[in-house]
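A.B. asks: My structure is in start_8.cif, and what it holds is mmCIF, C-alpha atoms:
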```cif
data_structure
#
loop_
_atom_site.label_atom_id
_atom_site.label_comp_id
_atom_site.auth_asym_id
_atom_site.auth_seq_id
_atom_site.Cartn_x
_atom_site.Cartn_y
_atom_site.Cartn_z
CA MET B 1 136.20 132.36 132.32
CA GLU B 2 132.97 133.83 133.56
CA LYS B 3 133.03 135.30 137.08
CA LEU B 4 130.75 133.40 139.43
CA SER B 5 128.27 135.01 141.79
CA GLN B 6 128.81 134.54 145.53
CA GLN B 7 126.04 131.92 145.58
CA GLU B 8 127.67 130.06 142.68
CA GLU B 9 131.10 130.23 144.32
CA GLU B 10 129.67 128.81 147.54
CA ALA B 11 128.07 125.96 145.58
CA MET B 12 131.36 125.26 143.78
CA GLN B 13 133.20 125.24 147.12
CA ALA B 14 130.75 122.57 148.31
CA VAL B 15 131.31 120.54 145.13
CA TRP B 16 135.10 120.82 145.43
CA GLN B 17 134.93 119.78 149.10
CA SER B 18 132.65 116.80 148.61
CA GLY B 19 133.79 115.70 145.17
CA PRO B 20 131.34 114.20 142.68
CA GLY B 21 127.92 113.96 144.23
CA PHE B 22 124.27 114.83 144.43
CA ILE B 23 122.54 118.08 145.43
CA LYS B 24 122.01 116.73 148.97
CA ASP B 25 125.75 116.04 149.32
CA PHE B 26 126.52 119.63 148.40
CA LEU B 27 123.81 120.97 150.69
CA ASP B 28 125.42 119.09 153.59
CA GLN B 29 128.71 120.93 152.89
CA LEU B 30 127.20 124.42 153.05
CA ALA B 31 127.32 126.53 156.20
CA GLU B 32 124.21 127.68 158.02
CA PRO B 33 121.91 129.20 157.03
CA LYS B 34 121.67 126.69 154.20
CA PRO B 35 119.74 127.67 151.09
CA PRO B 36 116.59 125.73 150.23
CA TYR B 37 117.24 122.53 148.25
CA THR B 38 115.52 123.96 145.17
CA THR B 39 117.70 127.11 145.25
CA LEU B 40 120.87 125.04 145.37
CA ALA B 41 119.53 122.79 142.60
CA SER B 42 118.94 125.85 140.38
CA THR B 43 122.42 127.16 141.16
CA VAL B 44 123.98 123.80 140.29
CA LYS B 45 122.04 123.69 137.00
CA ASN B 46 123.36 127.20 136.18
CA LEU B 47 126.89 126.04 136.95
CA GLU B 48 126.38 123.11 134.59
CA ARG B 49 125.08 125.45 131.88
CA LYS B 50 128.14 127.69 132.36
CA GLY B 51 130.48 124.70 131.99
CA PHE B 52 131.72 124.47 135.58
CA LEU B 53 129.94 121.18 136.27
CA LYS B 54 128.80 118.19 134.27
CA SER B 55 126.10 115.71 135.21
CA GLU B 56 125.52 112.00 134.92
CA LYS B 57 122.04 110.55 135.16
CA MET B 58 121.88 107.89 137.84
CA GLY B 59 118.42 106.42 138.21
CA ASN B 60 116.02 109.30 138.85
CA SER B 61 118.77 111.68 139.99
CA PHE B 62 121.75 113.48 138.57
CA ARG B 63 125.26 113.17 139.94
CA TYR B 64 127.40 116.27 139.39
CA LEU B 65 131.14 116.44 138.83
CA PRO B 66 133.38 119.51 138.65
CA VAL B 67 134.76 120.30 135.20
CA ILE B 68 136.89 123.16 136.52
CA GLN B 69 139.15 122.31 139.44
CA GLU B 70 139.49 124.74 142.36
CA GLU B 71 143.13 125.66 141.65
CA GLU B 72 142.36 126.39 138.00
CA TYR B 73 139.45 128.66 139.00
CA LYS B 74 141.63 130.50 141.53
CA LYS B 75 144.36 131.08 138.93
CA ARG B 76 141.94 132.38 136.31
CA PHE B 77 139.98 134.47 138.80
CA MET B 78 143.09 136.07 140.29
CA SER B 79 144.58 136.77 136.86
CA GLY B 80 141.37 138.52 135.84
CA PHE B 81 141.16 140.36 139.15
CA VAL B 82 144.73 141.67 138.91
CA SER B 83 144.19 142.60 135.28
CA ASN B 84 140.89 144.41 135.91
CA TYR B 85 141.76 146.24 139.12
CA PHE B 86 145.56 146.59 139.09
CA GLN B 87 146.42 146.95 135.38
CA ASN B 88 147.99 143.49 135.45
CA SER B 89 150.55 144.60 138.07
CA TYR B 90 151.07 142.27 140.99
CA LYS B 91 153.34 144.93 142.48
CA ASP B 92 150.36 147.32 142.55
CA LEU B 93 148.25 144.59 144.16
CA VAL B 94 150.79 144.05 146.97
CA THR B 95 151.24 147.82 147.36
CA PHE B 96 147.49 148.21 147.75
CA PHE B 97 147.37 145.63 150.55
CA ALA B 98 150.45 147.13 152.23
CA ASN B 99 148.90 150.61 152.15
CA GLU B 100 145.65 149.23 153.58
CA LYS B 101 147.66 147.49 156.30
CA LYS B 102 146.28 144.13 155.21
CA ILE B 103 149.75 142.60 154.82
CA SER B 104 152.58 142.74 157.32
CA ALA B 105 156.31 143.18 156.81
CA THR B 106 156.73 139.58 157.97
CA ASP B 107 154.28 138.40 155.29
CA LEU B 108 156.17 140.40 152.66
CA LYS B 109 159.49 138.88 153.74
CA GLU B 110 157.98 135.39 153.43
CA ILE B 111 156.68 136.25 149.94
CA ILE B 112 160.13 137.50 148.92
CA LYS B 113 161.70 134.25 150.16
CA LEU B 114 159.18 132.25 148.11
CA ILE B 115 159.95 134.31 145.01
CA GLU B 116 163.71 133.94 145.48
CA LYS B 117 163.35 130.15 145.72
CA GLN B 118 161.64 130.02 142.31
#
```
Go ahead and express the file in the form of structure tokens.

C.D. replies:
Amino acid sequence: MEKLSQQEEEAMQAVWQSGPGFIKDFLDQLAEPKPPYTTLASTVKNLERKGFLKSEKMGNSFRYLPVIQEEEYKKRFMSGFVSNYFQNSYKDLVTFFANEKKISATDLKEIIKLIEKQ
């Protein structure tokens, strides 16, 4: 799966939050400062071209629907991230965050409990 730009990810977040809708619906979901309507429209068209969205013509407008669900994108993105930056080692990923003091001992204990329940 192709990695999305920050602008594309923000647009997809808006789509996932609002569900199927029109450019204006997605624009309403975005935080300030909002991009111009035409910028978001171009981004949405790029997302459709990349296969993340599909469109349905409704009158003079297009209604967009997500093809890729948020959880699926997260799974694929994180798998690629761990593969590219941590040689596919989740242990190395956790070690990195522990060394950077971005994860606490309490967090690690909770993660261990989750793993043991599996």

A.B. asks: Can you pull out every residue within 12 Å of segment 95-112 of chain B, counting only C-alpha atoms, but drop anything in the same chain fewer than 5 positions away, and send it as a list in words?

C.D. replies: Val82, Tyr85, Phe86, Ser89, Tyr90, Lys117 and Gln118 of chain B

A.B. asks: Go ahead and save the picked residues with C-alpha atoms, as a PDB file, in the frame of the given file.

C.D. replies:
```pdb
ATOM      1  CA  VAL B  82     144.730 141.670 138.910  1.00  0.00           C
ATOM      2  CA  TYR B  85     141.760 146.240 139.120  1.00  0.00           C
ATOM      3  CA  PHE B  86     145.560 146.590 139.090  1.00  0.00           C
ATOM      4  CA  SER B  89     150.550 144.600 138.070  1.00  0.00           C
ATOM      5  CA  TYR B  90     151.070 142.270 140.990  1.00  0.00           C
ATOM      6  CA  LYS B 117     163.350 130.150 145.720  1.00  0.00           C
ATOM      7  CA  GLN B 118     161.640 130.020 142.310  1.00  0.00           C
TER       8      GLN B 118
END
```

A.B. asks: To one decimal place in Å, what is the distance between atom CA of Ser61 of chain B and atom CA of Glu2 of chain B?

C.D. replies: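 It comes out at 27.1 Å.
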
A.B. asks: Go through the shown structure with the PyMOL selection byres ((chain B and resi 44) around 12) and write out the matching residues as a CSV table (one decimal) with C-alpha atoms, in the frame of the given file.

C.D. replies:
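Here's the written file out19.csv:
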```
chain,number,residue,atom,x,y,z
B,4,LEU,CA,130.8,133.4,139.4
B,7,GLN,CA,126.0,131.9,145.6
B,8,GLU,CA,127.7,130.1,142.7
B,9,GLU,CA,131.1,130.2,144.3
B,10,GLU,CA,129.7,128.8,147.5
B,11,ALA,CA,128.1,126.0,145.6
B,12,MET,CA,131.4,125.3,143.8
B,13,GLN,CA,133.2,125.2,147.1
B,14,ALA,CA,130.8,122.6,148.3
B,15,VAL,CA,131.3,120.5,145.1
B,21,GLY,CA,127.9,114.0,144.2
B,22,PHE,CA,124.3,114.8,144.4
B,23,ILE,CA,122.5,118.1,145.4
B,24,LYS,CA,122.0,116.7,149.0
B,26,PHE,CA,126.5,119.6,148.4
B,27,LEU,CA,123.8,121.0,150.7
B,37,TYR,CA,117.2,122.5,148.2
B,38,THR,CA,115.5,124.0,145.2
B,39,THR,CA,117.7,127.1,145.2
B,40,LEU,CA,120.9,125.0,145.4
B,41,ALA,CA,119.5,122.8,142.6
B,42,SER,CA,118.9,125.8,140.4
B,43,THR,CA,122.4,127.2,141.2
B,45,LYS,CA,122.0,123.7,137.0
B,46,ASN,CA,123.4,127.2,136.2
B,47,LEU,CA,126.9,126.0,137.0
B,48,GLU,CA,126.4,123.1,134.6
B,49,ARG,CA,125.1,125.4,131.9
B,50,LYS,CA,128.1,127.7,132.4
B,51,GLY,CA,130.5,124.7,132.0
B,52,PHE,CA,131.7,124.5,135.6
B,53,LEU,CA,129.9,121.2,136.3
B,54,LYS,CA,128.8,118.2,134.3
B,55,SER,CA,126.1,115.7,135.2
B,62,PHE,CA,121.8,113.5,138.6
B,63,ARG,CA,125.3,113.2,139.9
B,64,TYR,CA,127.4,116.3,139.4
B,65,LEU,CA,131.1,116.4,138.8
B,66,PRO,CA,133.4,119.5,138.6
```

A.B. asks: Please measure the separation of atom CA of Phe81 of chain B and atom CA of Val94 of chain B, giving the value in Å to one decimal.

C.D. replies: 12.9 Å

A.B. asks: Any chance you could work out the axis-aligned box around segment 55-74 of chain B, listed atoms only, 5 Å on each side, giving centre and edge lengths in Å to one decimal, as JSON?

C.D. replies:
```
{"center_x": 129.6, "center_y": 118.5, "center_z": 138.6, "size_x": 37.1, "size_y": 34.1, "size_z": 17.4}
```

A.B. asks: Find, counting all atoms listed in the file, the residue in B:Leu93, B:Leu30, B:Ser18, B:Gln6 that gets nearest to Ser79 of chain B.

C.D. replies: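 Checking each candidate against Ser79 of chain B, we get B:Leu93 as the closest.
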
A.B. asks: How many Å separate atom CA of Gln87 of chain B from atom CA of Gln69 of chain B?

C.D. replies: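 For atom CA of Gln87 of chain B relative to atom CA of Gln69 of chain B, the distance reads 26.0 Å.
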